[in-house]
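Structure data follow from protein16.cif (mmCIF, C-alpha atoms):
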data_model
#
loop_
_atom_site.label_atom_id
_atom_site.label_comp_id
_atom_site.auth_asym_id
_atom_site.auth_seq_id
_atom_site.Cartn_x
_atom_site.Cartn_y
_atom_site.Cartn_z
CA MET A 21 9.00 19.52 20.06
CA ASP A 22 7.39 16.37 21.44
CA THR A 23 7.24 16.74 25.22
CA ARG A 24 5.62 13.40 26.07
CA PRO A 25 7.47 11.10 28.48
CA ILE A 26 9.66 8.60 26.65
CA ASP A 27 7.39 5.66 27.47
CA THR A 28 4.26 7.33 26.02
CA PRO A 29 3.11 5.55 22.85
CA LEU A 30 3.04 7.55 19.62
CA THR A 31 -0.49 6.38 18.83
CA THR A 32 -3.65 6.46 20.88
CA PRO A 33 -5.95 3.46 21.27
CA ASP A 34 -8.65 5.03 19.07
CA VAL A 35 -6.27 5.78 16.15
CA PRO A 36 -4.85 2.71 14.39
CA THR A 37 -1.19 2.45 13.49
CA ALA A 38 -0.01 2.89 9.91
CA ALA A 39 0.76 -0.84 9.76
CA GLU A 40 -2.77 -1.70 10.91
CA VAL A 41 -4.33 0.64 8.35
CA ALA A 42 -2.15 -0.72 5.53
CA ALA A 43 -3.07 -4.31 6.44
CA ALA A 44 -6.77 -3.37 6.58
CA TYR A 45 -6.47 -1.66 3.17
CA TRP A 46 -5.24 -4.85 1.48
CA ALA A 47 -7.73 -7.04 3.36
CA ALA A 48 -10.62 -4.84 2.18
CA ALA A 49 -9.27 -4.79 -1.39
CA GLU A 50 -8.91 -8.58 -1.51
CA ALA A 51 -12.44 -9.00 -0.08
CA ARG A 52 -13.81 -6.46 -2.58
CA ASP A 53 -15.36 -4.71 0.42
CA TRP A 54 -15.46 -1.29 -1.19
CA ALA A 55 -17.29 0.35 1.71
CA ALA A 56 -14.56 -0.73 4.16
CA PHE A 57 -11.88 0.16 1.62
CA GLY A 58 -13.31 3.65 1.15
CA ALA A 59 -13.64 4.19 4.89
CA LEU A 60 -9.85 3.84 5.21
CA LEU A 61 -9.24 6.70 2.76
CA ALA A 62 -9.23 10.43 3.39
CA ASP A 63 -11.74 12.34 1.26
CA ASP A 64 -8.87 13.96 -0.65
CA VAL A 65 -6.61 10.89 -0.87
CA VAL A 66 -3.94 11.03 -3.58
CA TYR A 67 -2.81 7.80 -5.27
CA GLU A 68 0.30 7.78 -7.46
CA MET A 69 2.09 5.23 -9.63
CA PRO A 70 5.48 6.77 -10.53
CA GLN A 71 6.28 4.15 -13.19
CA THR A 72 3.25 5.06 -15.31
CA ARG A 73 3.06 8.66 -14.05
CA GLU A 74 -0.61 8.24 -13.14
CA ARG A 75 -2.29 10.09 -10.30
CA ILE A 76 -5.82 9.72 -8.93
CA ARG A 77 -7.28 12.36 -6.62
CA GLY A 78 -10.16 11.77 -4.25
CA ARG A 79 -11.72 8.82 -2.47
CA ASP A 80 -14.59 8.19 -4.88
CA ALA A 81 -12.34 8.12 -7.95
CA TYR A 82 -9.80 5.87 -6.24
CA VAL A 83 -12.43 3.38 -5.03
CA GLN A 84 -13.88 3.29 -8.54
CA PHE A 85 -10.40 2.71 -10.02
CA ASN A 86 -9.96 -0.36 -7.81
CA ARG A 87 -13.51 -1.62 -8.22
CA GLU A 88 -13.16 -1.47 -12.02
CA TYR A 89 -9.61 -2.87 -12.21
CA PRO A 90 -9.73 -5.53 -14.94
CA GLY A 91 -9.17 -9.24 -14.50
CA ASP A 92 -9.53 -11.75 -11.73
CA TRP A 93 -6.94 -10.27 -9.37
CA HIS A 94 -5.89 -11.28 -5.88
CA THR A 95 -3.46 -9.90 -3.34
CA SER A 96 -1.42 -11.55 -0.64
CA VAL A 97 0.45 -9.39 1.86
CA GLN A 98 4.04 -10.53 2.30
CA ARG A 99 5.15 -7.84 4.75
CA VAL A 100 3.68 -4.79 6.50
CA VAL A 101 5.72 -2.21 8.37
CA GLY A 102 4.85 1.14 9.79
CA THR A 103 5.69 3.73 12.36
CA GLY A 104 3.89 6.92 13.22
CA SER A 105 1.89 8.04 10.20
CA HIS A 106 3.98 6.14 7.62
CA GLY A 107 3.51 2.55 6.49
CA ALA A 108 4.70 0.26 3.71
CA THR A 109 3.64 -3.08 2.30
CA TRP A 110 5.14 -5.70 0.06
CA ILE A 111 2.45 -7.69 -1.71
CA ALA A 112 2.12 -10.55 -4.13
CA PHE A 113 -0.41 -9.69 -6.82
CA ALA A 114 -1.91 -12.31 -9.11
CA VAL A 115 -4.07 -11.40 -12.09
CA ASP A 116 -5.26 -13.74 -14.82
CA GLY A 117 -2.42 -16.22 -14.25
CA ARG A 118 0.36 -13.60 -13.97
CA ASP A 119 2.21 -13.10 -10.71
CA GLU A 120 3.57 -9.68 -9.85
CA VAL A 121 5.12 -8.00 -6.84
CA GLY A 122 4.12 -4.60 -5.53
CA VAL A 123 5.48 -2.20 -2.95
CA SER A 124 3.17 0.44 -1.53
CA PHE A 125 3.87 3.42 0.70
CA PHE A 126 1.11 4.93 2.84
CA ASP A 127 0.94 8.27 4.62
CA LEU A 128 -1.87 8.79 7.11
CA ALA A 129 -3.78 11.94 7.93
CA ALA A 130 -4.14 13.04 11.56
CA ASP A 131 -7.43 11.11 11.84
CA GLY A 132 -5.73 7.82 10.85
CA ARG A 133 -7.18 7.65 7.33
CA ILE A 134 -4.91 7.23 4.31
CA ALA A 135 -3.90 10.58 2.79
CA THR A 136 -1.42 9.35 0.15
CA ILE A 137 -0.55 6.03 -1.45
CA THR A 138 2.40 5.50 -3.76
CA ASP A 139 2.56 2.15 -5.56
CA PHE A 140 5.51 0.61 -7.34
CA TRP A 141 4.90 -2.37 -9.64
CA PRO A 142 8.34 -3.43 -10.87
CA GLU A 143 8.67 -5.61 -13.93
CA PRO A 144 11.13 -8.50 -13.64
CA TYR A 145 14.18 -8.28 -15.88
CA ALA A 146 17.33 -10.28 -16.61
CA PRO A 147 20.36 -9.14 -14.63
CA PRO A 148 23.26 -7.63 -16.51
CA PRO A 149 26.17 -9.98 -17.28
CA GLY A 150 29.37 -10.01 -15.28
CA ARG A 151 28.18 -10.62 -11.76
CA GLU A 152 27.28 -14.30 -11.96
CA HIS A 153 30.16 -15.14 -9.61
CA LEU A 154 28.64 -12.93 -6.90
CA VAL A 155 24.96 -13.69 -6.99
CA GLU A 156 22.56 -16.57 -6.56
CA ARG A 157 19.46 -16.70 -8.75
CA TRP A 158 16.18 -18.19 -7.55
#
Starting from the coordinates I provided, produce the structure as structure tokens.
Amino acid sequence: MDTRPIDTPLTTPDVPTAAEVAAAYWAAAEARDWAAFGALLADDVVYEMPQTRERIRGRDAYVQFNREYPGDWHTSVQRVVGTGSHGATWIAFAVDGRDEVGVSFFDLAADGRIATITDFWPEPYAPPPGREHLVERW
């Protein structure tokens, strides 16, 4: 049971919030600053993509995965949220003229480094017929 007074913050000044870590993660990725990127990750970080059923274990392998990702890709953070040790981001991802959207979930270890990342990269699709009278398309 948490016995801190109600006005005590959940984080300490020396441990960043999940939202701050998630924002720093994408900033380092976009800058291709692999040292900064790796510093945000726990040694035993686990990265998962449920849609392709891929999993990468360990900081070195995950940094290499990102460093070697093909194409001229760029990210733009649309939204970052987080509370406690959990954070999430919505990003725009552009690679070789294609625009995609990604949603990432982050769980932090006690030291503030990223312990798990789960990425979803949904493919756009046409909506099923029969609801045109209820929706607006953009």
Expansion of the PyMOL selection byres ((chain A and resi 100-104) around 9) into residues, as a list in words
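Output from the PyMOL selection byres ((chain A and resi 100-104) around 9), applied to this file: Leu30, Thr31, Thr37, Ala38, Ala39, Glu40, Ala42, Ala43, Val97, Gln98, Arg99, Ser105, His106, Gly107, Ala108, Thr109, Trp110, Ile111, Phe126 and Leu128 of chain A.
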What does the PyMOL selection byres ((chain A and resi 135) around 8) select in this file, as a PDB file with C-alpha atoms, keeping the file's coordinate frame?
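Here's the written file out_26.pdb:
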ATOM      1  CA  LEU A  61      -9.240   6.700   2.760  1.00  0.00           C
ATOM      2  CA  ALA A  62      -9.230  10.430   3.390  1.00  0.00           C
ATOM      3  CA  ASP A  64      -8.870  13.960  -0.650  1.00  0.00           C
ATOM      4  CA  VAL A  65      -6.610  10.890  -0.870  1.00  0.00           C
ATOM      5  CA  VAL A  66      -3.940  11.030  -3.580  1.00  0.00           C
ATOM      6  CA  PHE A 126       1.110   4.930   2.840  1.00  0.00           C
ATOM      7  CA  ASP A 127       0.940   8.270   4.620  1.00  0.00           C
ATOM      8  CA  LEU A 128      -1.870   8.790   7.110  1.00  0.00           C
ATOM      9  CA  ALA A 129      -3.780  11.940   7.930  1.00  0.00           C
ATOM     10  CA  ARG A 133      -7.180   7.650   7.330  1.00  0.00           C
ATOM     11  CA  ILE A 134      -4.910   7.230   4.310  1.00  0.00           C
ATOM     12  CA  THR A 136      -1.420   9.350   0.150  1.00  0.00           C
ATOM     13  CA  ILE A 137      -0.550   6.030  -1.450  1.00  0.00           C
TER      14      ILE A 137
END
Run the PyMOL selection byres ((chain A and resi 140) around 6) against the file shown and list the residues it catches, as an MDAnalysis selection string.
chainID A and resid 122:123 139 141
Pairwise distance for CA of Pro90 (chain A) and CA of Ala146 (chain A), rounded to one decimal in Å:
27.5 Å
Return as AutoDock Vina command-line options the centre and edge lengths, in Å with one decimal, of the box along x, y and z that encloses every atom of region 39-51 of chain A in the file, padded by 3 Å per side.
--center_x -5.8 --center_y -4.2 --center_z 4.7 --size_x 19.2 --size_y 15.6 --size_z 18.4
Residues at most 10 Å from Thr95 (chain A), counting all atoms listed in the file, excluding those fewer than 2 positions away in the same chain, as a ChimeraX atom specification?
/A:46-47,49-51,93,97-98,111-115,119-122
May I have the protein, DNA and RNA residues with an atom at most 9 Å from (3.7, 6.8, -6.3), counting all atoms listed in the file in the file's coordinates, returned as a VMD selection string?
chain A and resid 67 to 71 73 to 75 124 to 125 136 to 140
How many Å lie between CA of Asp53 (chain A) and CA of Gly91 (chain A), rounded to one decimal?
16.8 Å
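Across the model, the gap from CA of Ala130 (chain A) to CA of Thr72 (chain A) is 29.0 Å.
Of the listed residues (A:Glu156, A:Ala55, A:Pro149, A:Ala48), A:Ala48 comes nearest to Ser96 (chain A); the distances count only C-alpha atoms.
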Rebuild N, CA and C atoms on region 135-155 of chain A, as an mmCIF file, in the coordinates of the input?
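Saved file selection_6.cif follows:
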data_model
loop_
_atom_site.group_PDB
_atom_site.id
_atom_site.type_symbol
_atom_site.label_atom_id
_atom_site.label_comp_id
_atom_site.auth_asym_id
_atom_site.auth_seq_id
_atom_site.Cartn_x
_atom_site.Cartn_y
_atom_site.Cartn_z
ATOM 1 N N ALA A 135 -3.940 9.318 3.529
ATOM 2 C CA ALA A 135 -3.900 10.580 2.790
ATOM 3 C C ALA A 135 -3.204 10.405 1.439
ATOM 4 N N THR A 136 -2.124 9.607 1.414
ATOM 5 C CA THR A 136 -1.420 9.350 0.150
ATOM 6 C C THR A 136 -1.009 7.893 0.070
ATOM 7 N N ILE A 137 -1.017 7.388 -1.147
ATOM 8 C CA ILE A 137 -0.550 6.030 -1.450
ATOM 9 C C ILE A 137 0.337 6.153 -2.675
ATOM 10 N N THR A 138 1.512 5.561 -2.602
ATOM 11 C CA THR A 138 2.400 5.500 -3.760
ATOM 12 C C THR A 138 2.721 4.039 -3.998
ATOM 13 N N ASP A 139 2.368 3.555 -5.187
ATOM 14 C CA ASP A 139 2.560 2.150 -5.560
ATOM 15 C C ASP A 139 3.678 2.000 -6.581
ATOM 16 N N PHE A 140 4.488 0.997 -6.376
ATOM 17 C CA PHE A 140 5.510 0.610 -7.340
ATOM 18 C C PHE A 140 5.241 -0.827 -7.760
ATOM 19 N N TRP A 141 5.154 -1.048 -9.072
ATOM 20 C CA TRP A 141 4.900 -2.370 -9.640
ATOM 21 C C TRP A 141 6.048 -2.715 -10.583
ATOM 22 N N PRO A 142 7.162 -3.173 -10.026
ATOM 23 C CA PRO A 142 8.340 -3.430 -10.870
ATOM 24 C C PRO A 142 8.150 -4.636 -11.778
ATOM 25 N N GLU A 143 8.668 -4.505 -12.975
ATOM 26 C CA GLU A 143 8.670 -5.610 -13.930
ATOM 27 C C GLU A 143 9.967 -6.398 -13.733
ATOM 28 N N PRO A 144 9.885 -7.729 -13.737
ATOM 29 C CA PRO A 144 11.130 -8.500 -13.640
ATOM 30 C C PRO A 144 11.978 -8.312 -14.900
ATOM 31 N N TYR A 145 13.273 -8.401 -14.744
ATOM 32 C CA TYR A 145 14.180 -8.280 -15.880
ATOM 33 C C TYR A 145 15.416 -9.138 -15.636
ATOM 34 N N ALA A 146 16.109 -9.474 -16.702
ATOM 35 C CA ALA A 146 17.330 -10.280 -16.610
ATOM 36 C C ALA A 146 18.455 -9.395 -16.060
ATOM 37 N N PRO A 147 19.256 -9.935 -15.159
ATOM 38 C CA PRO A 147 20.360 -9.140 -14.630
ATOM 39 C C PRO A 147 21.443 -8.935 -15.686
ATOM 40 N N PRO A 148 22.188 -7.849 -15.552
ATOM 41 C CA PRO A 148 23.260 -7.630 -16.510
ATOM 42 C C PRO A 148 24.368 -8.673 -16.325
ATOM 43 N N PRO A 149 25.099 -8.981 -17.378
ATOM 44 C CA PRO A 149 26.170 -9.980 -17.280
ATOM 45 C C PRO A 149 27.350 -9.441 -16.466
ATOM 46 N N GLY A 150 28.135 -10.379 -15.961
ATOM 47 C CA GLY A 150 29.370 -10.010 -15.280
ATOM 48 C C GLY A 150 29.338 -10.120 -13.775
ATOM 49 N N ARG A 151 28.221 -10.481 -13.212
ATOM 50 C CA ARG A 151 28.180 -10.620 -11.760
ATOM 51 C C ARG A 151 27.717 -12.000 -11.319
ATOM 52 N N GLU A 152 27.735 -12.940 -12.255
ATOM 53 C CA GLU A 152 27.280 -14.300 -11.960
ATOM 54 C C GLU A 152 28.055 -14.924 -10.806
ATOM 55 N N HIS A 153 29.309 -14.572 -10.663
ATOM 56 C CA HIS A 153 30.160 -15.140 -9.610
ATOM 57 C C HIS A 153 29.830 -14.571 -8.227
ATOM 58 N N LEU A 154 28.981 -13.563 -8.175
ATOM 59 C CA LEU A 154 28.640 -12.930 -6.900
ATOM 60 C C LEU A 154 27.221 -13.180 -6.433
ATOM 61 N N VAL A 155 26.369 -13.613 -7.336
ATOM 62 C CA VAL A 155 24.960 -13.690 -6.990
ATOM 63 C C VAL A 155 24.420 -15.111 -7.107
#
